[in-house]
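Here is the file model31.txt (compact mmCIF, N, CA and C atoms).
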```
# COMPACT_ATOMS: atom_id res chain seq x y z
N MET A 23 74.21 77.61 75.07
CA MET A 23 75.08 78.61 74.48
C MET A 23 76.31 78.79 75.36
N ALA A 24 77.47 78.82 74.75
CA ALA A 24 78.72 78.97 75.48
C ALA A 24 78.97 80.44 75.79
N VAL A 25 79.57 80.68 76.95
CA VAL A 25 79.91 82.03 77.38
C VAL A 25 81.41 82.09 77.56
N ILE A 26 82.05 83.17 77.15
CA ILE A 26 83.49 83.34 77.28
C ILE A 26 83.81 83.92 78.66
N ASP A 27 84.76 83.29 79.37
CA ASP A 27 85.21 83.75 80.68
C ASP A 27 86.53 84.50 80.48
N ILE A 28 86.54 85.82 80.71
CA ILE A 28 87.75 86.61 80.46
C ILE A 28 88.51 86.93 81.75
N GLN A 29 88.21 86.21 82.83
CA GLN A 29 88.85 86.52 84.11
C GLN A 29 90.01 85.59 84.44
N ARG A 30 90.50 84.83 83.51
CA ARG A 30 91.56 83.87 83.78
C ARG A 30 92.75 84.08 82.85
N PRO A 31 93.36 85.25 82.81
CA PRO A 31 94.40 85.49 81.80
C PRO A 31 95.62 84.60 81.92
N ARG A 32 96.14 84.34 83.13
CA ARG A 32 97.34 83.51 83.26
C ARG A 32 97.07 82.07 82.86
N ALA A 33 95.96 81.53 83.37
CA ALA A 33 95.60 80.16 83.01
C ALA A 33 95.35 80.04 81.52
N ALA A 34 94.78 81.09 80.93
CA ALA A 34 94.52 81.07 79.50
C ALA A 34 95.82 81.03 78.70
N VAL A 35 96.80 81.82 79.10
CA VAL A 35 98.09 81.82 78.41
C VAL A 35 98.77 80.46 78.56
N GLY A 36 98.74 79.91 79.76
CA GLY A 36 99.33 78.59 79.97
C GLY A 36 98.61 77.52 79.17
N GLY A 37 97.29 77.59 79.14
CA GLY A 37 96.52 76.63 78.36
C GLY A 37 96.83 76.73 76.87
N ARG A 38 96.99 77.95 76.40
CA ARG A 38 97.36 78.13 74.98
C ARG A 38 98.74 77.56 74.70
N ALA A 39 99.67 77.73 75.63
CA ALA A 39 101.02 77.18 75.46
C ALA A 39 100.97 75.65 75.39
N VAL A 40 100.17 75.03 76.25
CA VAL A 40 100.02 73.57 76.23
C VAL A 40 99.39 73.14 74.91
N ALA A 41 98.39 73.88 74.44
CA ALA A 41 97.74 73.55 73.17
C ALA A 41 98.73 73.64 72.01
N VAL A 42 99.58 74.64 72.03
CA VAL A 42 100.60 74.78 70.98
C VAL A 42 101.57 73.61 71.02
N LEU A 43 102.02 73.23 72.21
CA LEU A 43 102.92 72.09 72.34
C LEU A 43 102.27 70.83 71.78
N LEU A 44 101.01 70.59 72.12
CA LEU A 44 100.31 69.42 71.61
C LEU A 44 100.18 69.47 70.08
N ALA A 45 99.92 70.65 69.54
CA ALA A 45 99.82 70.78 68.09
C ALA A 45 101.17 70.50 67.42
N VAL A 46 102.25 70.98 68.01
CA VAL A 46 103.60 70.72 67.47
C VAL A 46 103.90 69.23 67.52
N LEU A 47 103.55 68.57 68.62
CA LEU A 47 103.76 67.12 68.71
C LEU A 47 102.94 66.38 67.65
N ALA A 48 101.70 66.82 67.44
CA ALA A 48 100.86 66.20 66.40
C ALA A 48 101.50 66.35 65.03
N LEU A 49 101.99 67.55 64.73
CA LEU A 49 102.65 67.79 63.44
C LEU A 49 103.91 66.95 63.29
N ALA A 50 104.67 66.79 64.37
CA ALA A 50 105.87 65.95 64.31
C ALA A 50 105.50 64.51 64.00
N HIS A 51 104.43 64.02 64.61
CA HIS A 51 104.01 62.64 64.33
C HIS A 51 103.50 62.48 62.90
N VAL A 52 102.81 63.48 62.39
CA VAL A 52 102.38 63.44 60.98
C VAL A 52 103.61 63.44 60.07
N TYR A 53 104.58 64.28 60.38
CA TYR A 53 105.83 64.34 59.62
C TYR A 53 106.51 62.97 59.61
N TRP A 54 106.63 62.35 60.79
CA TRP A 54 107.28 61.04 60.87
C TRP A 54 106.48 59.97 60.14
N ALA A 55 105.16 60.12 60.07
CA ALA A 55 104.33 59.16 59.36
C ALA A 55 104.64 59.13 57.87
N THR A 56 105.21 60.20 57.34
CA THR A 56 105.56 60.25 55.92
C THR A 56 106.81 59.43 55.62
N GLY A 57 107.50 58.96 56.65
CA GLY A 57 108.73 58.21 56.46
C GLY A 57 109.98 59.04 56.68
N LEU A 58 109.83 60.33 56.83
CA LEU A 58 110.98 61.19 57.13
C LEU A 58 111.35 61.01 58.60
N THR A 59 112.63 61.15 58.90
CA THR A 59 113.09 60.82 60.25
C THR A 59 113.87 61.93 60.93
N TRP A 60 113.85 63.14 60.38
CA TRP A 60 114.56 64.23 61.03
C TRP A 60 114.08 64.32 62.47
N PRO A 61 114.93 64.52 63.43
CA PRO A 61 116.32 64.92 63.36
C PRO A 61 117.31 63.76 63.32
N ALA A 62 116.83 62.53 63.20
CA ALA A 62 117.73 61.37 63.15
C ALA A 62 118.01 60.98 61.70
N ALA A 63 119.00 60.12 61.53
CA ALA A 63 119.37 59.68 60.18
C ALA A 63 118.42 58.62 59.65
N ASP A 64 117.85 57.80 60.54
CA ASP A 64 116.95 56.74 60.11
C ASP A 64 115.93 56.46 61.21
N GLU A 65 114.97 55.57 60.91
CA GLU A 65 113.90 55.27 61.86
C GLU A 65 114.43 54.65 63.15
N ARG A 66 115.43 53.81 63.04
CA ARG A 66 116.01 53.18 64.24
C ARG A 66 116.64 54.24 65.14
N GLY A 67 117.41 55.16 64.56
CA GLY A 67 118.03 56.23 65.34
C GLY A 67 116.99 57.15 65.96
N LEU A 68 115.92 57.43 65.22
CA LEU A 68 114.84 58.26 65.75
C LEU A 68 114.18 57.57 66.95
N SER A 69 113.90 56.30 66.79
CA SER A 69 113.26 55.55 67.87
C SER A 69 114.15 55.49 69.12
N LEU A 70 115.43 55.27 68.92
CA LEU A 70 116.35 55.22 70.07
C LEU A 70 116.44 56.58 70.76
N ALA A 71 116.44 57.66 69.99
CA ALA A 71 116.55 59.00 70.59
C ALA A 71 115.26 59.42 71.28
N VAL A 72 114.12 59.09 70.71
CA VAL A 72 112.84 59.55 71.25
C VAL A 72 112.34 58.64 72.37
N LEU A 73 112.51 57.32 72.19
CA LEU A 73 111.92 56.37 73.14
C LEU A 73 112.93 55.54 73.92
N GLY A 74 114.18 55.57 73.51
CA GLY A 74 115.18 54.77 74.22
C GLY A 74 115.17 53.31 73.85
N GLY A 75 114.43 52.93 72.82
CA GLY A 75 114.36 51.56 72.34
C GLY A 75 113.92 51.56 70.89
N VAL A 76 113.96 50.40 70.26
CA VAL A 76 113.58 50.31 68.85
C VAL A 76 112.09 49.99 68.76
N VAL A 77 111.35 50.96 68.24
CA VAL A 77 109.91 50.86 68.06
C VAL A 77 109.59 51.44 66.70
N SER A 78 108.56 50.92 66.05
CA SER A 78 108.17 51.42 64.73
C SER A 78 107.67 52.85 64.81
N PHE A 79 108.07 53.65 63.83
CA PHE A 79 107.53 55.00 63.65
C PHE A 79 106.69 55.03 62.37
N GLY A 80 106.14 53.89 62.01
CA GLY A 80 105.31 53.79 60.82
C GLY A 80 103.98 54.50 61.01
N PRO A 81 103.28 54.76 59.91
CA PRO A 81 102.01 55.49 59.97
C PRO A 81 100.98 54.85 60.90
N ALA A 82 100.91 53.53 60.95
CA ALA A 82 99.93 52.87 61.81
C ALA A 82 100.17 53.15 63.28
N VAL A 83 101.39 53.51 63.64
CA VAL A 83 101.73 53.80 65.03
C VAL A 83 101.61 55.30 65.31
N VAL A 84 102.18 56.14 64.44
CA VAL A 84 102.27 57.57 64.76
C VAL A 84 101.05 58.39 64.35
N LEU A 85 100.28 57.94 63.36
CA LEU A 85 99.09 58.73 62.97
C LEU A 85 98.01 58.74 64.06
N PRO A 86 97.72 57.61 64.73
CA PRO A 86 96.76 57.69 65.84
C PRO A 86 97.23 58.64 66.95
N LEU A 87 98.54 58.67 67.20
CA LEU A 87 99.07 59.62 68.19
C LEU A 87 98.85 61.05 67.73
N ALA A 88 99.06 61.30 66.45
CA ALA A 88 98.86 62.65 65.91
C ALA A 88 97.40 63.07 66.05
N VAL A 89 96.49 62.17 65.77
CA VAL A 89 95.06 62.49 65.90
C VAL A 89 94.72 62.78 67.36
N LEU A 90 95.22 61.96 68.26
CA LEU A 90 94.97 62.16 69.70
C LEU A 90 95.54 63.49 70.17
N GLU A 91 96.77 63.80 69.77
CA GLU A 91 97.39 65.07 70.18
C GLU A 91 96.69 66.26 69.54
N GLY A 92 96.30 66.14 68.29
CA GLY A 92 95.58 67.23 67.62
C GLY A 92 94.23 67.50 68.28
N GLY A 93 93.49 66.45 68.58
CA GLY A 93 92.21 66.61 69.27
C GLY A 93 92.38 67.22 70.65
N ALA A 94 93.41 66.76 71.36
CA ALA A 94 93.69 67.32 72.68
C ALA A 94 94.07 68.79 72.58
N ALA A 95 94.83 69.15 71.55
CA ALA A 95 95.22 70.56 71.35
C ALA A 95 93.99 71.43 71.16
N VAL A 96 93.04 70.96 70.37
CA VAL A 96 91.81 71.73 70.14
C VAL A 96 91.03 71.88 71.44
N ALA A 97 90.90 70.79 72.20
CA ALA A 97 90.13 70.85 73.44
C ALA A 97 90.81 71.75 74.48
N VAL A 98 92.12 71.64 74.61
CA VAL A 98 92.84 72.48 75.58
C VAL A 98 92.75 73.95 75.16
N ALA A 99 92.86 74.22 73.87
CA ALA A 99 92.74 75.61 73.39
C ALA A 99 91.33 76.15 73.67
N ALA A 100 90.31 75.32 73.48
CA ALA A 100 88.94 75.76 73.76
C ALA A 100 88.77 76.06 75.24
N HIS A 101 89.33 75.20 76.08
CA HIS A 101 89.23 75.46 77.52
C HIS A 101 90.01 76.72 77.91
N ALA A 102 91.19 76.89 77.32
CA ALA A 102 92.00 78.08 77.62
C ALA A 102 91.29 79.35 77.17
N ARG A 103 90.53 79.24 76.12
CA ARG A 103 89.78 80.39 75.62
C ARG A 103 88.66 80.80 76.58
N GLY A 104 88.31 79.88 77.46
CA GLY A 104 87.30 80.20 78.47
C GLY A 104 85.90 79.83 78.06
N VAL A 105 85.75 78.95 77.10
CA VAL A 105 84.41 78.53 76.68
C VAL A 105 83.76 77.79 77.83
N ARG A 106 82.63 78.27 78.26
CA ARG A 106 81.89 77.66 79.36
C ARG A 106 80.69 76.90 78.82
N GLY A 107 80.15 76.01 79.62
CA GLY A 107 78.97 75.28 79.23
C GLY A 107 79.29 73.90 78.68
N HIS A 108 80.56 73.59 78.53
CA HIS A 108 80.97 72.29 78.03
C HIS A 108 82.06 71.74 78.95
N ARG A 109 81.87 70.54 79.48
CA ARG A 109 82.85 69.95 80.40
C ARG A 109 83.97 69.22 79.67
N VAL A 110 83.73 68.82 78.43
CA VAL A 110 84.71 68.00 77.73
C VAL A 110 86.08 68.70 77.61
N PRO A 111 86.15 69.97 77.18
CA PRO A 111 87.48 70.60 77.11
C PRO A 111 88.20 70.64 78.45
N GLN A 112 87.50 70.88 79.52
CA GLN A 112 88.14 70.88 80.83
C GLN A 112 88.63 69.49 81.21
N LEU A 113 87.81 68.47 80.96
CA LEU A 113 88.21 67.10 81.28
C LEU A 113 89.42 66.67 80.44
N VAL A 114 89.44 67.06 79.17
CA VAL A 114 90.59 66.75 78.33
C VAL A 114 91.83 67.46 78.84
N THR A 115 91.68 68.70 79.29
CA THR A 115 92.81 69.44 79.83
C THR A 115 93.35 68.76 81.08
N TYR A 116 92.46 68.28 81.95
CA TYR A 116 92.90 67.51 83.12
C TYR A 116 93.61 66.23 82.69
N ALA A 117 93.09 65.53 81.69
CA ALA A 117 93.71 64.30 81.21
C ALA A 117 95.10 64.57 80.64
N VAL A 118 95.23 65.66 79.89
CA VAL A 118 96.54 66.04 79.35
C VAL A 118 97.51 66.33 80.49
N ALA A 119 97.05 67.05 81.51
CA ALA A 119 97.90 67.35 82.66
C ALA A 119 98.35 66.06 83.34
N CYS A 120 97.43 65.15 83.56
CA CYS A 120 97.79 63.88 84.21
C CYS A 120 98.77 63.09 83.36
N GLY A 121 98.54 63.03 82.06
CA GLY A 121 99.45 62.30 81.18
C GLY A 121 100.84 62.90 81.17
N MET A 122 100.93 64.22 81.10
CA MET A 122 102.24 64.87 81.08
C MET A 122 102.96 64.71 82.42
N LEU A 123 102.24 64.85 83.52
CA LEU A 123 102.86 64.69 84.83
C LEU A 123 103.30 63.24 85.05
N LEU A 124 102.51 62.30 84.56
CA LEU A 124 102.89 60.89 84.66
C LEU A 124 104.15 60.62 83.83
N ARG A 125 104.22 61.20 82.63
CA ARG A 125 105.43 61.05 81.79
C ARG A 125 106.63 61.67 82.49
N GLY A 126 106.42 62.83 83.12
CA GLY A 126 107.51 63.47 83.85
C GLY A 126 107.99 62.62 85.02
N ALA A 127 107.06 62.03 85.76
CA ALA A 127 107.43 61.18 86.89
C ALA A 127 108.17 59.94 86.42
N ALA A 128 107.70 59.34 85.33
CA ALA A 128 108.39 58.17 84.77
C ALA A 128 109.80 58.57 84.30
N GLY A 129 109.92 59.75 83.74
CA GLY A 129 111.24 60.24 83.31
C GLY A 129 112.18 60.42 84.48
N LEU A 130 111.66 60.91 85.60
CA LEU A 130 112.49 61.07 86.80
C LEU A 130 112.97 59.72 87.31
N VAL A 131 112.06 58.75 87.33
CA VAL A 131 112.45 57.40 87.77
C VAL A 131 113.52 56.85 86.84
N TRP A 132 113.32 57.04 85.54
CA TRP A 132 114.29 56.52 84.57
C TRP A 132 115.65 57.19 84.77
N ILE A 133 115.66 58.48 85.07
CA ILE A 133 116.92 59.19 85.30
C ILE A 133 117.67 58.57 86.48
N VAL A 134 116.93 58.22 87.54
CA VAL A 134 117.56 57.70 88.75
C VAL A 134 118.01 56.24 88.58
N VAL A 135 117.16 55.40 88.00
CA VAL A 135 117.47 53.97 87.97
C VAL A 135 117.83 53.43 86.59
N GLY A 136 117.62 54.21 85.54
CA GLY A 136 117.75 53.66 84.21
C GLY A 136 118.98 54.04 83.43
N ARG A 137 119.79 54.91 83.94
CA ARG A 137 120.96 55.37 83.16
C ARG A 137 121.96 54.24 83.03
N ASP A 138 122.35 53.97 81.79
CA ASP A 138 123.30 52.89 81.55
C ASP A 138 124.70 53.39 81.19
N GLY A 139 124.86 54.70 81.03
CA GLY A 139 126.17 55.25 80.73
C GLY A 139 126.66 54.99 79.33
N SER A 140 125.77 54.56 78.44
CA SER A 140 126.20 54.20 77.09
C SER A 140 126.50 55.41 76.22
N GLY A 141 126.10 56.57 76.64
CA GLY A 141 126.32 57.76 75.83
C GLY A 141 125.27 57.95 74.76
N ALA A 142 124.25 57.10 74.74
CA ALA A 142 123.16 57.23 73.77
C ALA A 142 122.43 58.55 73.99
N ALA A 143 121.71 58.99 72.97
CA ALA A 143 121.03 60.28 73.02
C ALA A 143 119.87 60.29 74.02
N PHE A 144 119.12 59.19 74.13
CA PHE A 144 117.91 59.21 74.95
C PHE A 144 118.14 59.61 76.40
N PRO A 145 119.13 59.06 77.11
CA PRO A 145 119.29 59.47 78.51
C PRO A 145 119.46 60.99 78.67
N TRP A 146 120.21 61.58 77.76
CA TRP A 146 120.43 63.02 77.84
C TRP A 146 119.18 63.79 77.44
N LEU A 147 118.53 63.37 76.37
CA LEU A 147 117.30 64.05 75.96
C LEU A 147 116.21 63.91 77.02
N ASN A 148 116.14 62.73 77.63
CA ASN A 148 115.16 62.52 78.69
C ASN A 148 115.43 63.43 79.88
N ALA A 149 116.68 63.51 80.30
CA ALA A 149 117.04 64.29 81.49
C ALA A 149 116.96 65.80 81.24
N LEU A 150 117.35 66.24 80.06
CA LEU A 150 117.46 67.68 79.80
C LEU A 150 116.28 68.28 79.05
N LEU A 151 115.48 67.45 78.39
CA LEU A 151 114.40 67.99 77.56
C LEU A 151 113.05 67.36 77.89
N TYR A 152 112.91 66.06 77.67
CA TYR A 152 111.60 65.41 77.78
C TYR A 152 111.00 65.52 79.18
N THR A 153 111.77 65.16 80.20
CA THR A 153 111.23 65.17 81.56
C THR A 153 110.93 66.59 82.06
N PRO A 154 111.86 67.54 81.92
CA PRO A 154 111.52 68.90 82.37
C PRO A 154 110.31 69.49 81.61
N LEU A 155 110.25 69.29 80.30
CA LEU A 155 109.10 69.81 79.54
C LEU A 155 107.80 69.14 79.99
N SER A 156 107.85 67.84 80.23
CA SER A 156 106.65 67.14 80.69
C SER A 156 106.18 67.68 82.03
N MET A 157 107.11 67.92 82.94
CA MET A 157 106.73 68.43 84.26
C MET A 157 106.18 69.85 84.17
N VAL A 158 106.87 70.71 83.44
CA VAL A 158 106.44 72.12 83.33
C VAL A 158 105.10 72.21 82.62
N PHE A 159 104.97 71.55 81.49
CA PHE A 159 103.71 71.65 80.76
C PHE A 159 102.59 70.87 81.45
N GLY A 160 102.92 69.81 82.17
CA GLY A 160 101.91 69.10 82.95
C GLY A 160 101.35 69.99 84.06
N TRP A 161 102.25 70.67 84.77
CA TRP A 161 101.83 71.60 85.82
C TRP A 161 101.01 72.74 85.22
N THR A 162 101.47 73.26 84.07
CA THR A 162 100.76 74.34 83.41
C THR A 162 99.36 73.89 82.99
N ALA A 163 99.26 72.69 82.45
CA ALA A 163 97.94 72.17 82.04
C ALA A 163 97.03 71.98 83.26
N LEU A 164 97.61 71.53 84.36
CA LEU A 164 96.81 71.35 85.58
C LEU A 164 96.26 72.69 86.07
N ARG A 165 97.11 73.72 86.05
CA ARG A 165 96.65 75.06 86.45
C ARG A 165 95.59 75.60 85.48
N ALA A 166 95.77 75.31 84.21
CA ALA A 166 94.81 75.79 83.21
C ALA A 166 93.48 75.07 83.34
N ALA A 167 93.52 73.81 83.77
CA ALA A 167 92.29 73.02 83.88
C ALA A 167 91.40 73.48 85.02
N ARG A 168 91.97 74.08 86.04
CA ARG A 168 91.18 74.46 87.22
C ARG A 168 90.25 75.60 86.94
```

Go ahead and express the file in the form of structure tokens.
Amino acid sequence: MAVIDIQRPRAAVGGRAVAVLLAVLALAHVYWATGLTWPAADERGLSLAVLGGVVSFGPAVVLPLAVLEGGAAVAVAAHARGVRGHRVPQLVTYAVACGMLLRGAAGLVWIVVGRDGSGAAFPWLNALLYTPLSMVFGWTALRAAR
């Protein structure tokens, strides 16, 4: 039987924030799986803005990501809620933290060595949005996992 731990309010709030971010990412991937490409004009523009290269945003690529992010959101939310007696939500929360921090570190490296000055959207989005969010939410997930 699971027991609720109510002594971790800050970690719980941070964990819930990470879970919401993961759920939003899952919904974005489901949205893109439909063939819609907002905020870009087409799939190529979306791929260049999000990944910095041309990659398919077809259902076979983005739906597995949506499932992974959705499952992670549920596990992180369960851990943030303080459900005890199950290690899986905590381990998933640690995995999410590691993944986000790794993405943040890769983004920092790309900022230092990868800027080509082309004026494309990805370098700016990476420097001002993707990397800072990855670092902040990765740190938050790590604190929530403890």

### Minimum-distance residue to Ala94 (chain A), chosen among A:Val114, A:Val35, A:Leu68, A:Ala167 (using only N, CA and C atoms)
A:Val114

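With distances restricted to all atoms listed in the file, A:Ala33 is the closest residue to Ala166 (chain A) from A:Val72, A:Leu151, A:Ala33, A:Val96.
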
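Separating CA of Leu150 (chain A) from CA of Leu130 (chain A) is a distance of 10.8 Å.
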
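The interatomic distance for the pair CA of Leu44 (chain A) and CA of Leu155 (chain A) works out to 11.8 Å.
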
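With only C-alpha atoms as the atoms that count, the residue of A:Ala41, A:Val110, A:Val76, A:Ala34 with the shortest distance to Phe159 (chain A) is A:Ala41.
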
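If you look at atom C of Ala97 (chain A) and atom C of Pro111 (chain A), they are 4.9 Å away from each other.
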
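Each of A:Cys120, A:Pro81, A:Pro61, A:Ala71 was checked against Leu147 (chain A) using all atoms listed in the file; the smallest atom-to-atom distance is that of A:Ala71.
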
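Minimum atom-to-atom distance to Pro31 (chain A), evaluated using only C-alpha atoms, belongs to A:Arg103 out of A:Arg103, A:Met157, A:Thr162, A:Ala82.
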